[in-house]
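Visitor: Got a structure here, written out as structure tokens. Questions coming.
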Amino acid sequence: MDYPSEANGWYIYGPHFTRFPIAPTHGGYAAAGREVELVPLQSTWLKRTTELSEELPPAQRRWLPARERLTVQGSPLGGLVRASGAEGRRHAGSADHFQVQLTTESEAQVKAWQSRWIIYQPHWQLAPGLMEALQATYLKRSWQVSHTLPPHEKLYIRPHERLRLGTAGLPAPEGHLQVDLEPVELERLRATEPRSPLCRYFSADPLRLQQELETCFSDARFGPASLATRAGTGAGALVGLLLPHGAFCNSGFVAAHGYQLLADSLTGPLDLAVLIGNNHAAWNRVALCDQDWATPLGVLEVDHRALKQLLCAVPGVPVQRQVHATEHSIENQLPFLQHLQLSGETRLRILPVGVGAVALSEAQQLANQLAALVRSVEHGHQVVVIGTTDFSHEGPSYGGRCMFVPEITRLTKEKDKPLLEAVRAMDVEKLLSLAQARSCTMCGAGAAAVLLLTCQALGASQCRQLRYLVNTEVTPCDSTTGFAAFALEKKERRDAGRPARSCFLI
């Protein structure tokens, strides 16, 4: 592997370490300062900056296993150099970082640790110098269950992937094995590594997830079980849908109304899904992703031709995997899309677009380019663009006061009313204005704005509300979120003869 120069040192997060000064020898202190021995209290990172570890690219961090000893150079007084509190964007503990210099021996030791991984042995077939995945699985930084680990501490492995071992495996707890991989293998894996699924709002087990999806569609009270097939028979031609991204146990019923309408409108498998999600935590206003996305139901590949076209059309929009690594709004749409695919069909590719707080002009520029991208699709292809937002968030979980279920449900509906009206009116300027109010807790206003403007550019002239509910109407609790599904349509009736190329925006 290619490691950058250690000349500028590394940062550590102090609370993750205990340290011991090393007694000076007769030769006195080292020229760069007194040596200090660090012991990580948990698996953690050496970092090039004081920013959050999970938001740094691999080249900017080095993994350290728990309880392994590491010798570094400290200050001439035997301590560590405290980092400036000004560094470390959005890191609450920036002032608790220290800068260290690795010794030559420690530098070699850290490099060796980067090839150390834990595998769950029943998922692998081992042979001398080689291992093969018997199913979709993970390389992990610890022996914990995969779905409990953050994305940056595991590496997705496709079924039947073969990896070369650097050294023989050592036993680890609960059926796991510690292995060292050849550096060239890790470089190859990271180049094609799919985004690890978060599975925060749906099951990580494929069979249970499939059952959850079927329940979302079949439920007669909240889901679309009684929803009539509208494609080709209603007054409007479907152009797009705007859907929620909450938990499948409540939000999923609302989202299923939109996906059922899409399913009734399709003549075959999808070719491209342009996914407009919300950037809940990222500081970037718009961020693209060039990484394939994994779910428990399989892997969806990114359409790199579409990505390149969008990058050329909207200069300055970054490709940032780390922004999408902890974002669930796009991920929550993928199982629904996979559920709609025909058995064994693998044609669908995706283009993930994360949108944060954008001005009207920025939303319009991006929407114009997305509409142009859809129009440029070759003859005979079907395209889906998925926009997603949730509405008001109330209660203790979101910093609000505790209320009885009827009261907090009523309050959420009252706050959502003007937002829903703005979406139905396709009034993007009003929607963004409402979203900027201090009392508004809608997440995804930027993504909704881009979706609405894209639909308008593609001919949508009316927006129909398919379903709205508050999560406490399904699963009563002390905090609420409003969920809604909308269909954007053309007023004219769809022609009897279906066009060769179909475009649906969700």
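Just so we're on the same page: first chain in the structure tokens is A, next is B, and so on; residues restart at 1 for each chain, and ligands are numbered from 1 in the order they show up.
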Which residues, written as a PyMOL selection string, have at least one atom at most 9 Å from A:Ser397, with only C-alpha atoms counted and residues fewer than 6 positions away on the same chain left out?

Guide: chain A and resi 478-480

Visitor: Write to file, as a compact mmCIF listing (two decimals), in the first residue's frame, the residues of the selection just made, with N, CA, C and O atoms.

Guide:
# COMPACT_ATOMS: atom_id res chain seq x y z
N ASP A 478 -43.94 8.68 22.18
CA ASP A 478 -43.93 10.06 22.66
C ASP A 478 -43.37 11.05 21.65
O ASP A 478 -43.34 12.25 21.91
N SER A 479 -42.90 10.58 20.48
CA SER A 479 -42.36 11.46 19.46
C SER A 479 -42.97 11.12 18.09
O SER A 479 -43.34 9.97 17.85
N THR A 480 -43.05 12.12 17.23
CA THR A 480 -43.77 11.93 15.98
C THR A 480 -42.98 12.41 14.78
O THR A 480 -42.09 13.25 14.89

Visitor: Within 12 Å of A:Leu469, counting only C-alpha atoms, which residues qualify if same-chain residues fewer than 6 places away don't, as a JSON list (two decimals) with all heavy atoms, in the first residue's frame?

Guide:
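This is the output file part.json:
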[["chain", "number", "residue", "atom", "x", "y", "z"],
["A", 221, "ARG", "N", -55.17, -1.32, 6.15],
["A", 221, "ARG", "CA", -55.50, -0.11, 6.91],
["A", 221, "ARG", "C", -54.59, 1.06, 6.55],
["A", 221, "ARG", "O", -55.05, 2.18, 6.31],
["A", 221, "ARG", "CB", -55.43, -0.39, 8.40],
["A", 221, "ARG", "CG", -55.84, 0.81, 9.25],
["A", 221, "ARG", "CD", -55.77, 0.48, 10.73],
["A", 221, "ARG", "NE", -56.12, 1.64, 11.55],
["A", 221, "ARG", "CZ", -55.99, 1.69, 12.87],
["A", 221, "ARG", "NH1", -55.52, 0.63, 13.53],
["A", 221, "ARG", "NH2", -56.32, 2.79, 13.53],
["A", 222, "PHE", "N", -53.29, 0.81, 6.52],
["A", 222, "PHE", "CA", -52.33, 1.88, 6.26],
["A", 222, "PHE", "C", -51.66, 1.77, 4.89],
["A", 222, "PHE", "O", -51.24, 2.76, 4.33],
["A", 222, "PHE", "CB", -51.25, 1.89, 7.35],
["A", 222, "PHE", "CG", -51.79, 2.05, 8.74],
["A", 222, "PHE", "CD1", -51.70, 1.00, 9.65],
["A", 222, "PHE", "CD2", -52.39, 3.24, 9.14],
["A", 222, "PHE", "CE1", -52.20, 1.14, 10.94],
["A", 222, "PHE", "CE2", -52.88, 3.39, 10.42],
["A", 222, "PHE", "CZ", -52.79, 2.34, 11.33],
["A", 223, "GLY", "N", -51.53, 0.55, 4.38],
["A", 223, "GLY", "CA", -50.85, 0.34, 3.11],
["A", 223, "GLY", "C", -51.78, 0.45, 1.93],
["A", 223, "GLY", "O", -52.96, 0.80, 2.06],
["A", 244, "PRO", "N", -41.65, 9.23, 1.58],
["A", 244, "PRO", "CA", -40.94, 9.39, 2.86],
["A", 244, "PRO", "C", -39.77, 8.42, 2.99],
["A", 244, "PRO", "O", -39.60, 7.52, 2.16],
["A", 244, "PRO", "CB", -42.03, 9.08, 3.89],
["A", 244, "PRO", "CG", -42.91, 8.09, 3.20],
["A", 244, "PRO", "CD", -42.91, 8.49, 1.74],
["A", 246, "GLY", "N", -38.83, 7.10, 6.44],
["A", 246, "GLY", "CA", -38.78, 6.67, 7.83],
["A", 246, "GLY", "C", -38.75, 5.16, 7.96],
["A", 246, "GLY", "O", -38.48, 4.43, 7.01],
["A", 250, "ASN", "N", -43.83, 2.02, 9.95],
["A", 250, "ASN", "CA", -44.87, 3.05, 9.85],
["A", 250, "ASN", "C", -44.74, 3.84, 8.54],
["A", 250, "ASN", "O", -45.65, 3.86, 7.73],
["A", 250, "ASN", "CB", -44.87, 3.99, 11.07],
["A", 250, "ASN", "CG", -43.49, 4.38, 11.54],
["A", 250, "ASN", "OD1", -42.70, 4.92, 10.78],
["A", 250, "ASN", "ND2", -43.19, 4.11, 12.81],
["A", 251, "SER", "N", -43.60, 4.44, 8.29],
["A", 251, "SER", "CA", -43.39, 5.17, 7.04],
["A", 251, "SER", "C", -43.49, 4.26, 5.83],
["A", 251, "SER", "O", -43.91, 4.70, 4.75],
["A", 251, "SER", "CB", -42.01, 5.84, 7.07],
["A", 251, "SER", "OG", -41.63, 6.32, 5.81],
["A", 252, "GLY", "N", -43.11, 2.99, 5.98],
["A", 252, "GLY", "CA", -43.11, 2.07, 4.85],
["A", 252, "GLY", "C", -44.48, 1.89, 4.22],
["A", 252, "GLY", "O", -44.59, 1.70, 3.01],
["A", 253, "PHE", "N", -45.56, 1.97, 5.04],
["A", 253, "PHE", "CA", -46.90, 1.85, 4.49],
["A", 253, "PHE", "C", -47.21, 3.00, 3.52],
["A", 253, "PHE", "O", -47.84, 2.81, 2.49],
["A", 253, "PHE", "CB", -47.93, 1.85, 5.62],
["A", 253, "PHE", "CG", -47.79, 0.70, 6.58],
["A", 253, "PHE", "CD1", -47.51, 0.92, 7.92],
["A", 253, "PHE", "CD2", -47.92, -0.61, 6.14],
["A", 253, "PHE", "CE1", -47.37, -0.14, 8.80],
["A", 253, "PHE", "CE2", -47.78, -1.68, 7.02],
["A", 253, "PHE", "CZ", -47.50, -1.44, 8.35],
["A", 254, "VAL", "N", -46.76, 4.21, 3.88],
["A", 254, "VAL", "CA", -46.99, 5.38, 3.04],
["A", 254, "VAL", "C", -46.17, 5.27, 1.75],
["A", 254, "VAL", "O", -46.68, 5.50, 0.65],
["A", 254, "VAL", "CB", -46.63, 6.67, 3.81],
["A", 254, "VAL", "CG1", -46.83, 7.89, 2.93],
["A", 254, "VAL", "CG2", -47.49, 6.78, 5.07],
["A", 255, "ALA", "N", -44.89, 4.92, 1.88],
["A", 255, "ALA", "CA", -44.04, 4.78, 0.70],
["A", 255, "ALA", "C", -44.59, 3.73, -0.26],
["A", 255, "ALA", "O", -44.51, 3.88, -1.48],
["A", 255, "ALA", "CB", -42.62, 4.41, 1.13],
["A", 390, "ASP", "N", -39.25, 13.63, 4.78],
["A", 390, "ASP", "CA", -40.20, 13.48, 5.87],
["A", 390, "ASP", "C", -40.63, 14.88, 6.31],
["A", 390, "ASP", "O", -39.93, 15.87, 6.04],
["A", 390, "ASP", "CB", -39.58, 12.74, 7.06],
["A", 390, "ASP", "CG", -39.29, 11.28, 6.74],
["A", 390, "ASP", "OD1", -39.92, 10.75, 5.81],
["A", 390, "ASP", "OD2", -38.44, 10.68, 7.41],
["A", 391, "PHE", "N", -41.75, 14.98, 6.99],
["A", 391, "PHE", "CA", -42.28, 16.28, 7.36],
["A", 391, "PHE", "C", -41.97, 16.58, 8.83],
["A", 391, "PHE", "O", -40.87, 16.30, 9.30],
["A", 391, "PHE", "CB", -43.76, 16.37, 6.98],
["A", 391, "PHE", "CG", -43.96, 16.46, 5.50],
["A", 391, "PHE", "CD1", -43.98, 15.33, 4.69],
["A", 391, "PHE", "CD2", -44.07, 17.70, 4.89],
["A", 391, "PHE", "CE1", -44.12, 15.44, 3.31],
["A", 391, "PHE", "CE2", -44.21, 17.83, 3.51],
["A", 391, "PHE", "CZ", -44.24, 16.69, 2.72],
["A", 392, "SER", "N", -42.88, 17.14, 9.59],
["A", 392, "SER", "CA", -42.57, 17.65, 10.93],
["A", 392, "SER", "C", -42.15, 16.55, 11.90],
["A", 392, "SER", "O", -42.69, 15.44, 11.89],
["A", 392, "SER", "CB", -43.78, 18.39, 11.49],
["A", 392, "SER", "OG", -44.06, 19.54, 10.71],
["A", 409, "THR", "N", -49.92, 14.18, 18.08],
["A", 409, "THR", "CA", -50.37, 13.85, 16.72],
["A", 409, "THR", "C", -51.08, 15.05, 16.09],
["A", 409, "THR", "O", -50.84, 15.39, 14.92],
["A", 409, "THR", "CB", -51.30, 12.63, 16.74],
["A", 409, "THR", "OG1", -50.63, 11.52, 17.36],
["A", 409, "THR", "CG2", -51.73, 12.24, 15.33],
["A", 410, "ARG", "N", -51.94, 15.69, 16.87],
["A", 410, "ARG", "CA", -52.66, 16.86, 16.37],
["A", 410, "ARG", "C", -51.70, 18.00, 16.04],
["A", 410, "ARG", "O", -51.82, 18.66, 15.00],
["A", 410, "ARG", "CB", -53.69, 17.31, 17.41],
["A", 410, "ARG", "CG", -54.56, 18.48, 16.95],
["A", 410, "ARG", "CD", -55.70, 18.75, 17.93],
["A", 410, "ARG", "NE", -55.21, 19.07, 19.27],
["A", 410, "ARG", "CZ", -55.28, 18.25, 20.32],
["A", 410, "ARG", "NH1", -55.81, 17.02, 20.17],
["A", 410, "ARG", "NH2", -54.82, 18.61, 21.50],
["A", 412, "THR", "N", -48.54, 17.80, 15.17],
["A", 412, "THR", "CA", -47.78, 17.46, 13.97],
["A", 412, "THR", "C", -48.59, 17.71, 12.71],
["A", 412, "THR", "O", -48.09, 18.27, 11.72],
["A", 412, "THR", "CB", -47.33, 15.98, 14.03],
["A", 412, "THR", "OG1", -46.60, 15.76, 15.23],
["A", 412, "THR", "CG2", -46.45, 15.64, 12.84],
["A", 413, "LYS", "N", -49.86, 17.35, 12.74],
["A", 413, "LYS", "CA", -50.72, 17.58, 11.58],
["A", 413, "LYS", "C", -50.92, 19.07, 11.31],
["A", 413, "LYS", "O", -50.94, 19.50, 10.14],
["A", 413, "LYS", "CB", -52.06, 16.88, 11.77],
["A", 413, "LYS", "CG", -51.96, 15.36, 11.71],
["A", 413, "LYS", "CD", -53.34, 14.71, 11.82],
["A", 413, "LYS", "CE", -53.24, 13.20, 11.61],
["A", 413, "LYS", "NZ", -54.56, 12.54, 11.66],
["A", 416, "ASP", "N", -47.78, 20.36, 9.73],
["A", 416, "ASP", "CA", -47.57, 19.82, 8.39],
["A", 416, "ASP", "C", -48.51, 20.43, 7.35],
["A", 416, "ASP", "O", -48.21, 20.43, 6.15],
["A", 416, "ASP", "CB", -47.76, 18.30, 8.39],
["A", 416, "ASP", "CG", -46.54, 17.55, 8.88],
["A", 416, "ASP", "OD1", -45.47, 18.18, 8.95],
["A", 416, "ASP", "OD2", -46.65, 16.35, 9.18],
["A", 417, "LYS", "N", -49.66, 20.95, 7.80],
["A", 417, "LYS", "CA", -50.69, 21.41, 6.87],
["A", 417, "LYS", "C", -50.17, 22.39, 5.83],
["A", 417, "LYS", "O", -50.36, 22.17, 4.61],
["A", 417, "LYS", "CB", -51.86, 22.01, 7.64],
["A", 417, "LYS", "CG", -53.03, 22.41, 6.75],
["A", 417, "LYS", "CD", -54.20, 22.94, 7.57],
["A", 417, "LYS", "CE", -55.36, 23.35, 6.66],
["A", 417, "LYS", "NZ", -56.51, 23.88, 7.44],
["A", 420, "LEU", "N", -47.71, 20.57, 3.37],
["A", 420, "LEU", "CA", -48.41, 19.69, 2.42],
["A", 420, "LEU", "C", -49.10, 20.50, 1.34],
["A", 420, "LEU", "O", -49.11, 20.12, 0.16],
["A", 420, "LEU", "CB", -49.42, 18.81, 3.17],
["A", 420, "LEU", "CG", -48.85, 17.85, 4.22],
["A", 420, "LEU", "CD1", -49.97, 17.21, 5.01],
["A", 420, "LEU", "CD2", -47.98, 16.79, 3.56],
["A", 475, "THR", "N", -47.83, 3.41, 15.25],
["A", 475, "THR", "CA", -47.07, 2.91, 16.41],
["A", 475, "THR", "C", -47.01, 4.00, 17.47],
["A", 475, "THR", "O", -46.09, 4.83, 17.45],
["A", 475, "THR", "CB", -45.65, 2.50, 15.99],
["A", 475, "THR", "OG1", -45.05, 3.58, 15.25],
["A", 475, "THR", "CG2", -45.67, 1.26, 15.12],
["A", 480, "THR", "N", -43.05, 12.12, 17.23],
["A", 480, "THR", "CA", -43.77, 11.93, 15.98],
["A", 480, "THR", "C", -42.98, 12.41, 14.78],
["A", 480, "THR", "O", -42.09, 13.25, 14.89],
["A", 480, "THR", "CB", -45.10, 12.70, 15.97],
["A", 480, "THR", "OG1", -44.82, 14.09, 16.14],
["A", 480, "THR", "CG2", -46.03, 12.23, 17.06],
["A", 481, "THR", "N", -43.35, 11.87, 13.61],
["A", 481, "THR", "CA", -42.89, 12.36, 12.31],
["A", 481, "THR", "C", -44.06, 12.25, 11.34],
["A", 481, "THR", "O", -44.80, 11.25, 11.35],
["A", 481, "THR", "CB", -41.70, 11.53, 11.78],
["A", 481, "THR", "OG1", -40.67, 11.51, 12.75],
["A", 481, "THR", "CG2", -41.16, 12.14, 10.49],
["A", 482, "GLY", "N", -44.22, 13.26, 10.49],
["A", 482, "GLY", "CA", -45.26, 13.21, 9.47],
["A", 482, "GLY", "C", -44.72, 12.60, 8.19],
["A", 482, "GLY", "O", -43.62, 12.94, 7.74],
["A", 483, "PHE", "N", -45.49, 11.67, 7.59],
["A", 483, "PHE", "CA", -45.08, 10.99, 6.36],
["A", 483, "PHE", "C", -46.14, 11.19, 5.29],
["A", 483, "PHE", "O", -47.34, 11.09, 5.57],
["A", 483, "PHE", "CB", -44.90, 9.49, 6.60],
["A", 483, "PHE", "CG", -43.90, 9.15, 7.67],
["A", 483, "PHE", "CD1", -44.27, 8.41, 8.78],
["A", 483, "PHE", "CD2", -42.57, 9.56, 7.56],
["A", 483, "PHE", "CE1", -43.35, 8.09, 9.77],
["A", 483, "PHE", "CE2", -41.65, 9.24, 8.54],
["A", 483, "PHE", "CZ", -42.03, 8.50, 9.64],
["A", 484, "ALA", "N", -45.73, 11.45, 4.06],
["A", 484, "ALA", "CA", -46.67, 11.65, 2.96],
["A", 484, "ALA", "C", -46.09, 11.11, 1.66],
["A", 484, "ALA", "O", -44.87, 11.09, 1.47],
["A", 484, "ALA", "CB", -47.02, 13.14, 2.80],
["A", 485, "ALA", "N", -47.00, 10.68, 0.77],
["A", 485, "ALA", "CA", -46.63, 10.24, -0.58],
["A", 485, "ALA", "C", -47.45, 11.04, -1.58],
["A", 485, "ALA", "O", -48.66, 11.22, -1.41],
["A", 485, "ALA", "CB", -46.90, 8.74, -0.74]]

Visitor: Identify, on the basis of only C-alpha atoms, every residue whose closest approach to A:His328 does not exceed 12 Å; exclude the query and any residue fewer than 2 positions from it along the same chain; express the result as number ranges by chain.

Guide: A: 195-202, 244-247, 275-281, 293, 295, 323-326, 330-334, 352, 354, 388-390, 444

Visitor: Mind dumping the selected residues with C-alpha atoms as a PDB file, in the first residue's frame?

Guide:
ATOM      1  CA  ARG A 195     -21.527   1.162   0.447  1.00  0.00           C
ATOM      2  CA  SER A 196     -22.320  -0.821   3.607  1.00  0.00           C
ATOM      3  CA  PRO A 197     -26.033  -0.881   4.482  1.00  0.00           C
ATOM      4  CA  LEU A 198     -27.039   0.849   7.729  1.00  0.00           C
ATOM      5  CA  CYS A 199     -30.285  -1.154   8.185  1.00  0.00           C
ATOM      6  CA  ARG A 200     -31.479   1.373  10.778  1.00  0.00           C
ATOM      7  CA  TYR A 201     -35.107   1.346   9.666  1.00  0.00           C
ATOM      8  CA  PHE A 202     -35.545  -2.151   8.255  1.00  0.00           C
ATOM      9  CA  PRO A 244     -40.936   9.390   2.859  1.00  0.00           C
ATOM     10  CA  HIS A 245     -37.830   7.698   4.281  1.00  0.00           C
ATOM     11  CA  GLY A 246     -38.779   6.672   7.832  1.00  0.00           C
ATOM     12  CA  ALA A 247     -39.021   3.259   9.468  1.00  0.00           C
ATOM     13  CA  LEU A 275     -32.225   8.930  -6.201  1.00  0.00           C
ATOM     14  CA  ILE A 276     -32.647  12.410  -4.671  1.00  0.00           C
ATOM     15  CA  GLY A 277     -32.151  12.046  -0.919  1.00  0.00           C
ATOM     16  CA  ASN A 278     -31.684  14.351   2.030  1.00  0.00           C
ATOM     17  CA  ASN A 279     -28.291  15.151   3.593  1.00  0.00           C
ATOM     18  CA  HIS A 280     -29.337  15.008   7.255  1.00  0.00           C
ATOM     19  CA  ALA A 281     -25.905  15.661   8.770  1.00  0.00           C
ATOM     20  CA  TRP A 293     -24.923   0.300  -2.702  1.00  0.00           C
ATOM     21  CA  THR A 295     -28.774  -3.951   0.920  1.00  0.00           C
ATOM     22  CA  VAL A 323     -21.483  11.928   3.102  1.00  0.00           C
ATOM     23  CA  HIS A 324     -23.617   9.004   1.929  1.00  0.00           C
ATOM     24  CA  ALA A 325     -22.044   6.402   4.246  1.00  0.00           C
ATOM     25  CA  THR A 326     -24.216   7.385   7.245  1.00  0.00           C
ATOM     26  CA  ILE A 330     -31.700   7.046  -0.148  1.00  0.00           C
ATOM     27  CA  GLU A 331     -30.980   3.646   1.383  1.00  0.00           C
ATOM     28  CA  ASN A 332     -34.600   3.328   2.575  1.00  0.00           C
ATOM     29  CA  GLN A 333     -35.832   3.454  -1.040  1.00  0.00           C
ATOM     30  CA  LEU A 334     -33.610   0.658  -2.339  1.00  0.00           C
ATOM     31  CA  PRO A 352     -27.501   8.772  -5.814  1.00  0.00           C
ATOM     32  CA  GLY A 354     -27.752  13.892  -1.745  1.00  0.00           C
ATOM     33  CA  THR A 388     -37.705  11.723  -0.558  1.00  0.00           C
ATOM     34  CA  THR A 389     -38.583  13.847   2.461  1.00  0.00           C
ATOM     35  CA  ASP A 390     -40.205  13.485   5.871  1.00  0.00           C
ATOM     36  CA  GLY A 444     -35.630  16.987   3.102  1.00  0.00           C
TER      37      GLY A 444
END

Visitor: Considering only C-alpha atoms, state which residue in the set A:Cys443, A:Val36, A:Leu41, A:Ala237 is at the smallest distance from A:Ala357.

Guide: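 When distances to A:Ala357 are compared using only C-alpha atoms, the smallest one comes from A:Cys443.
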
Visitor: Could you pull out the strand (DSSP E or B) residues of stretch 246-402 of chain A, going by DSSP on the backbone, and write them as JSON, numbers by chain?

Guide: {"A": [272, 273, 274, 275, 276, 277, 278, 286, 287, 288, 293, 294, 295, 298, 299, 300, 301, 302, 319, 349, 350, 351, 352, 353, 354, 355, 382, 383, 384, 385, 386, 387, 388, 390, 393, 394]}

Visitor: For A:Leu366, which residue among A:Pro315, A:Ser106, A:Val72, A:Glu394 is the nearest when counting only C-alpha atoms?

Guide: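 For A:Leu366, the nearest of the candidates is A:Pro315.
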
Visitor: Residues within 10 Å of stretch 138-152 of chain A, please, as a VMD selection string. Count only C-alpha atoms; anything in the same chain fewer than 3 positions from it doesn't count.

Guide: chain A and resid 43 to 44 53 to 58 63 to 66 114 116 to 120 123 133 135 155 to 158 172 to 179 195 to 200 203 to 205 322 325 to 326

Visitor: Taking N, CA and C atoms for each residue, export the selection above as a CSV table (one decimal), in the first residue's frame.

Guide:
chain,number,residue,atom,x,y,z
A,43,SER,N,-11.0,-0.1,19.8
A,43,SER,CA,-10.6,0.1,18.4
A,43,SER,C,-10.8,1.5,18.0
A,44,THR,N,-9.8,2.2,17.4
A,44,THR,CA,-9.9,3.6,17.1
A,44,THR,C,-9.0,3.9,16.0
A,53,SER,N,-13.9,10.6,12.6
A,53,SER,CA,-13.2,9.5,11.9
A,53,SER,C,-14.0,9.0,10.7
A,54,GLU,N,-15.3,8.7,10.9
A,54,GLU,CA,-16.1,8.1,9.9
A,54,GLU,C,-16.3,9.0,8.7
A,55,GLU,N,-16.0,10.3,8.8
A,55,GLU,CA,-16.2,11.2,7.7
A,55,GLU,C,-14.9,11.4,6.9
A,56,LEU,N,-13.8,10.8,7.3
A,56,LEU,CA,-12.5,10.9,6.7
A,56,LEU,C,-12.4,9.8,5.6
A,57,PRO,N,-11.8,10.1,4.5
A,57,PRO,CA,-11.5,9.0,3.5
A,57,PRO,C,-10.4,8.1,4.1
A,58,PRO,N,-10.3,6.9,3.5
A,58,PRO,CA,-9.3,5.9,4.0
A,58,PRO,C,-7.8,6.5,4.1
A,63,TRP,N,-6.4,2.6,11.1
A,63,TRP,CA,-7.1,1.8,12.2
A,63,TRP,C,-6.1,1.3,13.2
A,64,LEU,N,-6.5,1.3,14.5
A,64,LEU,CA,-5.7,0.8,15.6
A,64,LEU,C,-6.6,-0.2,16.4
A,65,PRO,N,-6.1,-1.4,16.6
A,65,PRO,CA,-6.9,-2.4,17.4
A,65,PRO,C,-6.8,-2.1,18.9
A,66,ALA,N,-7.8,-2.5,19.6
A,66,ALA,CA,-7.8,-2.2,21.0
A,66,ALA,C,-6.7,-3.0,21.7
A,114,GLN,N,-3.2,-2.6,9.2
A,114,GLN,CA,-4.3,-2.2,8.2
A,114,GLN,C,-4.7,-3.5,7.5
A,116,ARG,N,-5.2,-6.4,9.0
A,116,ARG,CA,-5.8,-7.3,10.0
A,116,ARG,C,-7.3,-7.2,10.0
A,117,TRP,N,-8.0,-8.3,9.8
A,117,TRP,CA,-9.5,-8.3,9.8
A,117,TRP,C,-10.0,-9.5,10.5
A,118,ILE,N,-11.3,-9.4,10.9
A,118,ILE,CA,-12.0,-10.5,11.5
A,118,ILE,C,-13.1,-11.0,10.6
A,119,ILE,N,-13.2,-12.3,10.4
A,119,ILE,CA,-14.2,-12.9,9.6
A,119,ILE,C,-15.0,-13.9,10.5
A,120,TYR,N,-16.3,-14.1,10.1
A,120,TYR,CA,-17.2,-15.1,10.7
A,120,TYR,C,-16.9,-16.4,9.9
A,123,HIS,N,-19.0,-18.4,7.3
A,123,HIS,CA,-19.3,-17.8,6.0
A,123,HIS,C,-18.2,-17.9,5.0
A,133,ALA,N,-15.7,-16.5,0.0
A,133,ALA,CA,-16.9,-16.2,0.7
A,133,ALA,C,-18.0,-17.2,0.2
A,135,GLN,N,-21.1,-16.8,0.9
A,135,GLN,CA,-22.3,-16.0,0.8
A,135,GLN,C,-21.9,-14.5,0.9
A,155,LEU,N,-16.1,-4.2,5.7
A,155,LEU,CA,-15.9,-4.1,4.3
A,155,LEU,C,-16.8,-5.2,3.7
A,156,TYR,N,-17.7,-4.8,2.8
A,156,TYR,CA,-18.7,-5.8,2.2
A,156,TYR,C,-18.0,-6.7,1.2
A,157,ILE,N,-18.3,-8.0,1.3
A,157,ILE,CA,-17.7,-9.0,0.4
A,157,ILE,C,-18.9,-9.7,-0.4
A,158,ARG,N,-18.8,-9.7,-1.7
A,158,ARG,CA,-19.8,-10.3,-2.5
A,158,ARG,C,-19.7,-11.9,-2.4
A,172,ALA,N,-10.7,-16.3,17.0
A,172,ALA,CA,-11.3,-15.1,17.7
A,172,ALA,C,-12.6,-15.6,18.3
A,173,PRO,N,-13.2,-14.8,19.2
A,173,PRO,CA,-14.4,-15.2,19.9
A,173,PRO,C,-15.6,-15.6,19.0
A,174,GLU,N,-16.4,-16.5,19.5
A,174,GLU,CA,-17.7,-16.8,18.9
A,174,GLU,C,-17.7,-17.1,17.4
A,175,GLY,N,-16.9,-18.1,17.1
A,175,GLY,CA,-16.9,-18.6,15.7
A,175,GLY,C,-16.1,-17.7,14.7
A,176,HIS,N,-15.4,-16.7,15.2
A,176,HIS,CA,-14.7,-15.8,14.3
A,176,HIS,C,-13.3,-16.2,14.2
A,177,LEU,N,-12.6,-15.6,13.1
A,177,LEU,CA,-11.2,-15.9,12.9
A,177,LEU,C,-10.5,-14.6,12.5
A,178,GLN,N,-9.3,-14.4,13.0
A,178,GLN,CA,-8.5,-13.2,12.7
A,178,GLN,C,-7.6,-13.5,11.5
A,179,VAL,N,-7.7,-12.8,10.5
A,179,VAL,CA,-6.9,-13.0,9.3
A,179,VAL,C,-6.1,-11.8,8.9
A,195,ARG,N,-21.2,0.5,-0.8
A,195,ARG,CA,-21.5,1.2,0.4
A,195,ARG,C,-22.2,0.1,1.4
A,196,SER,N,-21.8,0.1,2.6
A,196,SER,CA,-22.3,-0.8,3.6
A,196,SER,C,-23.7,-0.4,4.0
A,197,PRO,N,-24.7,-1.3,4.1
A,197,PRO,CA,-26.0,-0.9,4.5
A,197,PRO,C,-26.1,-0.6,6.0
A,198,LEU,N,-26.9,0.5,6.3
A,198,LEU,CA,-27.0,0.8,7.7
A,198,LEU,C,-28.1,0.0,8.4
A,199,CYS,N,-29.2,-0.3,7.7
A,199,CYS,CA,-30.3,-1.2,8.2
A,199,CYS,C,-30.8,-0.6,9.5
A,200,ARG,N,-31.0,0.7,9.6
A,200,ARG,CA,-31.5,1.4,10.8
A,200,ARG,C,-33.0,1.3,10.9
A,203,SER,N,-35.0,-4.5,8.5
A,203,SER,CA,-34.3,-5.7,9.0
A,203,SER,C,-33.0,-5.9,8.2
A,204,ALA,N,-32.0,-6.3,8.9
A,204,ALA,CA,-30.7,-6.7,8.2
A,204,ALA,C,-30.8,-8.1,7.6
A,205,ASP,N,-31.8,-8.9,8.0
A,205,ASP,CA,-32.0,-10.2,7.6
A,205,ASP,C,-32.8,-10.2,6.3
A,322,GLN,N,-18.2,9.6,1.9
A,322,GLN,CA,-18.4,9.6,3.3
A,322,GLN,C,-19.7,10.4,3.7
A,325,ALA,N,-22.3,7.6,3.5
A,325,ALA,CA,-22.0,6.4,4.2
A,325,ALA,C,-23.0,6.3,5.5
A,326,THR,N,-23.4,7.4,6.0
A,326,THR,CA,-24.2,7.4,7.2
A,326,THR,C,-25.6,8.0,7.0

Visitor: Go through A:Thr18, A:Arg321, A:Ala422, A:Pro296 and flag the residue nearest A:Arg208, using only C-alpha atoms for the distances.

Guide: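 Counting only C-alpha atoms, the residue closest to A:Arg208 is A:Pro296.
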
Visitor: Neighbours of A:Arg48 within 10 Å (only C-alpha atoms; same-chain residues fewer than 5 positions away dropped), as a list in words?

Guide: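 With the cut-off at 10 Å, the set is Glu6, Asn8, Gly9, Trp10, Tyr11, Ile12, Ser53, Leu56, Ala59, Gln60, Arg61, Arg62 and Gln99 of chain A.
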